[in-house]
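K.L.:
After the structure tokens below, expect a handful of questions from me.
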2 protein chains.
Amino acid sequence: MKIEPRTLKGFRDFLPGEAKKRQYVINTLKEVFSEFGFEPLETPALEYEDILLGKYGEEGDKLLYRFTDNGDRRVALRYDQTVPLARVVAQYAPRGDAGQNEISFPFKRYQIQPVWRAENTQKGRFREFLQCDADIIGADTALADAEIIALAVTSLKKLGFENFKVLINDRESLQFSANGIQFAPEQNLQIVRAIDKLKKIGKEGVIAELQEKGFTVSEISSVFETIETAIPSVRLTEVLQILETLKIESKYVEFSPTLARGLDYYTGLIMEAEIAEYPAGSVLGGGRYNKLIGMFSGNDIAAVGFAFGFDRLLEALNELNLFPRELASTQVLVTIFSPELLNKSLEIVSLLRTNNISTELYLDENAKMDKQLKYADKKQIPYVVIIGPEEAENGEVALKNLKTREQNRIPKETLPNAIS
Amino acid sequence: MKIEPRTLKGFRDFLPGEAKKRQYVINTLKEVFSEFGFEPLETPALEYEDILLGKYGEEGDKLLYRFTDNGDRRVALRYDQTVPLARVVAQYAPRGDAGQNEISFPFKRYQIQPVWRAENTQKGRFREFLQCDADIIGADTALADAEIIALAVTSLKKLGFENFKVLINDRESLQFSANGIQFAPEQNLQIVRAIDKLKKIGKEGVIAELQEKGFTVSEISSVFETIETAIPSVRLTEVLQILETLKIESKYVEFSPTLARGLDYYTGLIMEAEIAEYPAGSVLGGGRYNKLIGMFSGNDIAAVGFAFGFDRLLEALNELNLFPRELASTQVLVTIFSPELLNKSLEIVSLLRTNNISTELYLDENAKMDKQLKYADKKQIPYVVIIGPEEAENGEVALKNLKTREQNRIPKETLPNAIS
């Protein structure tokens, strides 16, 4: 029976061209995260079902990949990295003996792993995608908020973005009132969720949504007055001062009183990042969520952090042409002129690799030179070395630059310098 | 209902200490792989069940994690990286238009992703573990075999191993005969599988196993005579010559006529790596397998490669103490003497980060100095900076080396040089 080679809808192969871009972004972010003292954490792809079930709302439960394993255990695939983080914090909580199997607070961790969600792929969503989180657990200070914002700004700069803004707001400022009376929590959440769509649907749209929910015209105008006259909260003012002293340029951080973020678990700072040339949406979202990480221990545990939208980030880097041109590609292909001259080529490979030059050897001594050059072109290898009979006799090599198509004959000892 | 935070048997959390070691090994290997012109490939965690089922024998089918997804599709979790590679080769085979969605031969790819197997955990096996493969597809040459061996040697050297050997043999040399008559394929495989255990169970053990399978004493002595008088095959001799010209030191590569590798899919070169100080077993295995990658297309496709046993590799590096001491850890913790002096600390953080020094800021301006120093100790941060009132007044900082416990007061401008 012939089986058709194919992938599941919403799942992707990443061939080398794409995989190299992904690795570049991951490595760049890991570098910045480490520079700020964040450390990696890895959790399993499969968890006991009861660890994940009920943590993402009714909608989330439906999107969980879950099944019964061979040992009759109910298991589920990782849906995000926050619930596993909460489990880890409960399971390896600081006990004070500083053992191997313990985390210490503040716990500054990053986590870059795939998650799985049985999403509707018609909405352009993937069922397997990379999450990329950085969080500080156990520090409820303006300093921690500021470090998270500084980390976001530094990461975006390091990736080469220039025209971006990290928008910030304080969820506590989003407590609305009309006629001096605060709205009840459920009503307030309706308002926050409507405002969250301001950029997408405009002021008209928000008004319409609120009217539909039963808010009066005067209540709605109170809400907009609150937003339009808003100033940063005391905490946010402190955060902005810290960022200034840390020399995070103020053009990268903006107080945005209309930033709402619809999720109801934020308890303080909320943040998003926008790139001017990439209008498709925010590439990063996060904030403070002091009521979530304690879900397994039963105590509130302070937490602040953000997640990159990894696919969006890649799309933005692609559109803005910010990937380095030679992405970890081979620098030189050493060709083989003929089986008799194979050893001459092998010697050059050894010489180049000893000089730490990323070198590929063509793997068939009987292949025509034309085929070998085409291989280099396809793999976008910038230089090709050819050692024909004349070059071999004179201790030389021919060095061809595939971009300029220039070819020069040079003494073989000078080759490493000619390339690097 | 309180849910106990716990992980499934055979699945592991990697807290920062362990996760940093894993990343170090992955990064080191990726670096070497790229230097040899190998490129990354990523495939999905979930495949259609029919892609994987029946490819790993009866035993393998039992160990597959498989289930019905929300769309009633039968799916299975990645079990290895070879079958997905075969699928990729069939799905994106070279069509000659050099498009984005195409691979070109020889396809030199590496792949480092987790796989899942419902193994018996009592045997000390994991159900989720990392595989780390490097393969060359589409080149049936001694050059390709030699490049794979050179890559293995260079990888092990780069990780810091010195006392190791890559053992090689040719599967075609393992064709046994008695009284001038070759054994039938099934009998020959029984012999190969018995010899594969030579190191574990000794010559006596192999003889016993062969007798049990019905081989006569004279047949068995023919087998051992063949092994004991074996010389490298023509192909292996060519491979060894290429390695010599590539200046791969001969002490790292050894012809081993008793190396058999029990799997029946090898068609030529077979290889393993042994580290003298790590007797627990081979850290790497592989060879040429020209009949496997074409499973979806129906044609034979040449292939040669190896896989590291990632967990063993980590264990060996641990036992031989080969991990770099300061594994991507923060270099400096900047403490906060008091809330009034916070800004002085923030300025130092900015100064250090501008100088590309990996710097952590203590995140609570009200914490006692003692607690801050303990935090640095726990995270094994080598340097701590303290700016008290006197230091602040004189434009100085106190720099404490946590290993030597030495503390010096220095002008703040000189701090970046004092650390790096």
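Chain labels follow the order of the structure tokens: the first chain is A, the next B, and so on; residue numbering restarts at 1 in every chain, and ligands are counted from 1 in their shown order.
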Just the residues within 12 Å of Lys200 in chain B, please, counting only C-alpha atoms, with nothing from its chain fewer than 4 positions along; format it as a PDB file with N, CA and C atoms, in the first residue's frame.
P.N.:
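This went into result_26.pdb:
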```pdb
ATOM      1  N   ALA B 194      24.008 -11.658  17.206  1.00  0.00           N
ATOM      2  CA  ALA B 194      24.764 -12.274  18.301  1.00  0.00           C
ATOM      3  C   ALA B 194      26.107 -11.557  18.483  1.00  0.00           C
ATOM      4  N   ILE B 195      26.797 -11.303  17.366  1.00  0.00           N
ATOM      5  CA  ILE B 195      28.108 -10.639  17.430  1.00  0.00           C
ATOM      6  C   ILE B 195      27.984  -9.227  17.998  1.00  0.00           C
ATOM      7  N   ASP B 196      26.853  -8.596  17.713  1.00  0.00           N
ATOM      8  CA  ASP B 196      26.593  -7.252  18.209  1.00  0.00           C
ATOM      9  C   ASP B 196      26.711  -7.201  19.736  1.00  0.00           C
ATOM     10  N   GLU B 204      32.099 -16.305  24.906  1.00  0.00           N
ATOM     11  CA  GLU B 204      31.321 -17.438  25.432  1.00  0.00           C
ATOM     12  C   GLU B 204      29.830 -17.217  25.205  1.00  0.00           C
ATOM     13  N   GLY B 205      29.388 -16.012  25.551  1.00  0.00           N
ATOM     14  CA  GLY B 205      27.963 -15.687  25.435  1.00  0.00           C
ATOM     15  C   GLY B 205      27.480 -15.778  23.989  1.00  0.00           C
ATOM     16  N   VAL B 206      28.317 -15.256  23.072  1.00  0.00           N
ATOM     17  CA  VAL B 206      27.938 -15.278  21.658  1.00  0.00           C
ATOM     18  C   VAL B 206      27.833 -16.726  21.174  1.00  0.00           C
ATOM     19  N   PRO B 279      32.282   4.054  30.463  1.00  0.00           N
ATOM     20  CA  PRO B 279      32.039   2.688  29.992  1.00  0.00           C
ATOM     21  C   PRO B 279      30.557   2.348  29.831  1.00  0.00           C
ATOM     22  N   ALA B 280      29.653   3.288  30.110  1.00  0.00           N
ATOM     23  CA  ALA B 280      28.219   2.961  30.098  1.00  0.00           C
ATOM     24  C   ALA B 280      27.706   2.581  28.712  1.00  0.00           C
ATOM     25  N   GLY B 281      28.467   2.922  27.676  1.00  0.00           N
ATOM     26  CA  GLY B 281      28.012   2.527  26.337  1.00  0.00           C
ATOM     27  C   GLY B 281      28.336   3.569  25.299  1.00  0.00           C
ATOM     28  N   SER B 282      27.989   3.263  24.070  1.00  0.00           N
ATOM     29  CA  SER B 282      28.269   4.144  22.948  1.00  0.00           C
ATOM     30  C   SER B 282      27.439   5.423  23.052  1.00  0.00           C
TER      31      SER B 282
END
```
K.L.:
I want to know what sits within 9 Å of Met271 in chain B, based on only C-alpha atoms, with residues of the same chain fewer than 3 positions away left out; could you give that as a list in words?
P.N.:
Ile149, Val166, Leu167, Ile168, Asn169, Asp170, Leu259, Ala260, Arg261, Leu284, Gly285, Gly286, Gly287 and Phe306 of chain B
K.L.:
Give the answer as one residue: which of A:Lys20, A:Thr7, A:Ile242, A:Phe296 has the shortest atom-to-atom distance to Phe38 in chain B, using only C-alpha atoms?
P.N.:
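For Phe38 in chain B, the nearest of the candidates is A:Lys20.
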K.L.:
Select from chain B every residue with an atom at most 6 Å from any atom of chain A, then for each give the shortest pair of atoms and their distance in Å to one decimal, using only C-alpha atoms, rows by chain and rising number, as JSON lines.
P.N.:
```
{"residue": "B:Pro5", "atom": "CA", "partner": "A:Arg87", "partner_atom": "CA", "distance": 5.3}
{"residue": "B:Phe11", "atom": "CA", "partner": "A:Pro44", "partner_atom": "CA", "distance": 5.9}
{"residue": "B:Arg12", "atom": "CA", "partner": "A:Pro44", "partner_atom": "CA", "distance": 6.0}
{"residue": "B:Asp13", "atom": "CA", "partner": "A:Thr43", "partner_atom": "CA", "distance": 4.6}
{"residue": "B:Phe14", "atom": "CA", "partner": "A:Glu42", "partner_atom": "CA", "distance": 4.9}
{"residue": "B:Leu15", "atom": "CA", "partner": "A:Leu41", "partner_atom": "CA", "distance": 5.3}
{"residue": "B:Pro16", "atom": "CA", "partner": "A:Pro40", "partner_atom": "CA", "distance": 5.2}
{"residue": "B:Ala19", "atom": "CA", "partner": "A:Pro40", "partner_atom": "CA", "distance": 5.9}
{"residue": "B:Glu35", "atom": "CA", "partner": "A:Ser358", "partner_atom": "CA", "distance": 4.0}
{"residue": "B:Phe36", "atom": "CA", "partner": "A:Glu360", "partner_atom": "CA", "distance": 5.5}
{"residue": "B:Gly37", "atom": "CA", "partner": "A:Thr330", "partner_atom": "CA", "distance": 5.1}
{"residue": "B:Glu39", "atom": "CA", "partner": "A:Pro16", "partner_atom": "CA", "distance": 5.6}
{"residue": "B:Pro40", "atom": "CA", "partner": "A:Pro16", "partner_atom": "CA", "distance": 5.2}
{"residue": "B:Leu41", "atom": "CA", "partner": "A:Leu15", "partner_atom": "CA", "distance": 5.3}
{"residue": "B:Glu42", "atom": "CA", "partner": "A:Phe14", "partner_atom": "CA", "distance": 4.9}
{"residue": "B:Thr43", "atom": "CA", "partner": "A:Asp13", "partner_atom": "CA", "distance": 4.6}
{"residue": "B:Pro44", "atom": "CA", "partner": "A:Phe11", "partner_atom": "CA", "distance": 5.9}
{"residue": "B:Arg87", "atom": "CA", "partner": "A:Pro5", "partner_atom": "CA", "distance": 5.3}
{"residue": "B:Gln91", "atom": "CA", "partner": "A:Pro5", "partner_atom": "CA", "distance": 5.6}
{"residue": "B:Leu143", "atom": "CA", "partner": "A:Leu363", "partner_atom": "CA", "distance": 5.4}
{"residue": "B:Ala144", "atom": "CA", "partner": "A:Leu363", "partner_atom": "CA", "distance": 5.6}
{"residue": "B:Thr245", "atom": "CA", "partner": "A:Leu346", "partner_atom": "CA", "distance": 6.0}
{"residue": "B:Leu246", "atom": "CA", "partner": "A:Ser350", "partner_atom": "CA", "distance": 5.1}
{"residue": "B:Thr330", "atom": "CA", "partner": "A:Gly37", "partner_atom": "CA", "distance": 5.1}
{"residue": "B:Leu346", "atom": "CA", "partner": "A:Leu246", "partner_atom": "CA", "distance": 5.3}
{"residue": "B:Glu347", "atom": "CA", "partner": "A:Leu246", "partner_atom": "CA", "distance": 5.9}
{"residue": "B:Ser350", "atom": "CA", "partner": "A:Leu246", "partner_atom": "CA", "distance": 5.1}
{"residue": "B:Ser358", "atom": "CA", "partner": "A:Glu35", "partner_atom": "CA", "distance": 4.0}
{"residue": "B:Thr359", "atom": "CA", "partner": "A:Phe36", "partner_atom": "CA", "distance": 5.6}
{"residue": "B:Glu360", "atom": "CA", "partner": "A:Gly37", "partner_atom": "CA", "distance": 5.2}
{"residue": "B:Leu363", "atom": "CA", "partner": "A:Leu143", "partner_atom": "CA", "distance": 5.4}
```
K.L.:
Between A:Asn408, A:Asn179, A:Thr267, A:Ser222, which one has atoms that come closest to Ile301 in chain A, using only C-alpha atoms?
P.N.:
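Between A:Asn408, A:Asn179, A:Thr267, A:Ser222, the residue approaching Ile301 in chain A most closely is A:Thr267.
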K.L.:
Could you tell me how far CA of Arg405 in chain A lies from CA of Pro382 in chain A, in Å and to one decimal?
P.N.:
9.9 Å
K.L.:
Can you list, as a PyMOL selection string, every residue of range 107-258 of chain A that DSSP puts in strand (DSSP E or B)?
P.N.:
chain A and resi 107-116+128-137+164-170+177-178+181-182+253-255
